[in-house]
Structures are given as structure tokens and as C-alpha cells.
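K.L.:
I'd like to ask you about the structure that follows.
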Amino acid sequence: MYSEKVMDHFQNPRNVGEIEDASGMGTVGNAKCGDIMRIYLDIDDNQIIRDVKFKTFGCGAAVATSSMATEMVKGKSIREAMQVTNKAVMEALDGLPPVKVHCSLLAEEAIHAALWDYAKKHGIEIEGLSQPKSDIGEEETDEEY
Ligand code: FES
């Protein structure tokens, strides 16, 4: 049912963890399955993604796609990272079963949410990036509460 690559990234996920003082952080959830994904980005002055980490409360396909997605954006410019769609991630993993396609969206949306956070903090606009739909991170990360 799952490709070898999916199984590999599920069993040995790359870039799991968090980045302290991340340049951008994004959290998205999928209300249907209740899964949550958080992405941390470390972006340098040349807008290159130096490091990326993820944490997820998600299914195996979400773990595998996030692992692959983080590998694909690491070392890339913001512009290049914007090209890393869930479709590209699924292709790199040799496909996902149709019922699991939505899981791959969590990684893409969380990366976009983290880029949005970075752009907001730096007062810049990123071409093709719009406000994330399902950012549920604000309540969780606000230390005032
Ligand atoms: Fe929720 Fe896969 S079932 S992300």
C-alpha cells in the first residue's frame, strides 16, 4: 500500500524537532482528522532556509510527507520553497494512496504558514503566498494566556 520511500520516511523521519528562536513558525490543523502539524524555519539574511524542523500530531503519511517536504526546502531560497507543493512531495515519495493525499497538504500548508509568519515579522511580501487558512497556532503559542 505504501511505497518504500514512504515507509523509510515514516520509520526514520528527517528533521523532527523544533528550532528555538525560529525565523518563522507555522501550525496548521486538519479539522477532519484532527491532526496537527508545526513547522519551524531558520532563514538567513539572504532568505535562504538554513534549517527546518517539524513536529506533528499526525498520521504516518503526515510524518512521511513532512519529512520529505522538510528535506526538499532545506537549503533552498524562499522562492524555491514556494514551489514545493504537496504534489511534488508525493511524487518524491513515489505516491500516496488516494485516501492519504490530504495528509500531504498539512506539510505544505504548515511551511506556508511558517513563511507567512517570517514575512510578517520582516515586513516583506512573498510572491504567491496568502494568509494561511487554518492557522491554529496563535492561541497555543501566545504566552499571555
Ligand atoms: Fe490526518 Fe493523515 S489522517 S493527516
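Following the order of the C-alpha cells, first chain is A, next is B, and so on, with residues numbered from 1 inside each chain and ligands from 1 in the order they appear.
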Name the residues in contact with stretch 99-105 of chain A at a cut-off of 6 Å, using only C-alpha atoms, excluding same-chain residues fewer than 6 positions from it; report them as JSON, numbers by chain.
P.N.:
{"A": [62, 65, 86]}
K.L.:
Mind the document's chain letters and residue numbers, and return as a PyMOL selection string the residues of stretch 44-143 of chain A that DSSP labels alpha helix (DSSP H).
P.N.:
chain A and resi 60-73+78-82+86-92+101-122+137-141
K.L.:
Mind giving me the straight-line distance from atom CA of A:Met25 to atom CA of A:Asp94 in Å, one decimal?
P.N.:
28.0 Å
K.L.:
Let me make sure I understand: among A:Ile36, A:Ile43, A:Ala110, A:Ala69, which one has the smallest atom-to-atom distance to ligand 1 if we use only C-alpha atoms and all ligand atoms?
P.N.:
A:Ile36
K.L.:
Can you build me a table of stretch 8-57 of chain A residues sitting at most 10 Å from stretch 118-124 of chain A, with the closest atom pair per residue and its distance in Å to one decimal, using only C-alpha atoms, sorted by chain and residue number, as a tab-separated table?
P.N.:
residue	atom	partner	partner_atom	distance
A:Ala22	CA	A:Tyr118	CA	8.8
A:Ser23	CA	A:Tyr118	CA	5.7
A:Gly24	CA	A:Tyr118	CA	4.3
A:Met25	CA	A:Tyr118	CA	7.4
A:Gly26	CA	A:Tyr118	CA	9.2
A:Leu41	CA	A:Tyr118	CA	8.3
A:Asp42	CA	A:Tyr118	CA	9.3
A:Ile43	CA	A:Tyr118	CA	8.3
K.L.:
Select, from A:Ala61, A:Glu18, A:Arg38, A:Lys55, the residue with the minimum atom-to-atom distance to A:Leu96, counting only C-alpha atoms.
P.N.:
A:Ala61
K.L.:
Given the choices A:Ile111, A:Met90, A:Gly58, A:Val6, which gets closest to A:Val73 if the distance is worked out from only C-alpha atoms?
P.N.:
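Nearest candidate to A:Val73 out of A:Ile111, A:Met90, A:Gly58, A:Val6: A:Ile111.
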K.L.:
With only C-alpha atoms as the basis for distance, which of A:Val16, A:Val52, A:Cys33, A:Ile39 is at the shortest distance from A:Glu108?
P.N.:
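Once distances to A:Glu108 are computed over only C-alpha atoms, the minimum belongs to A:Ile39.
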K.L.:
I'd like the neighbourhood of A:Met68 as a PyMOL selection string, where a residue qualifies if any of its atoms comes within 8 Å (using only C-alpha atoms), though same-chain residues fewer than 4 positions away should be ignored.
P.N.:
chain A and resi 9+14+64+72+89+92-93
K.L.:
Using only C-alpha atoms and all ligand atoms, can you tell me which of A:Met82, A:Met7, A:Ile48, A:Leu106 comes closest to ligand 1?
P.N.:
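Answer, going by the shortest atom-to-atom distance: A:Leu106.
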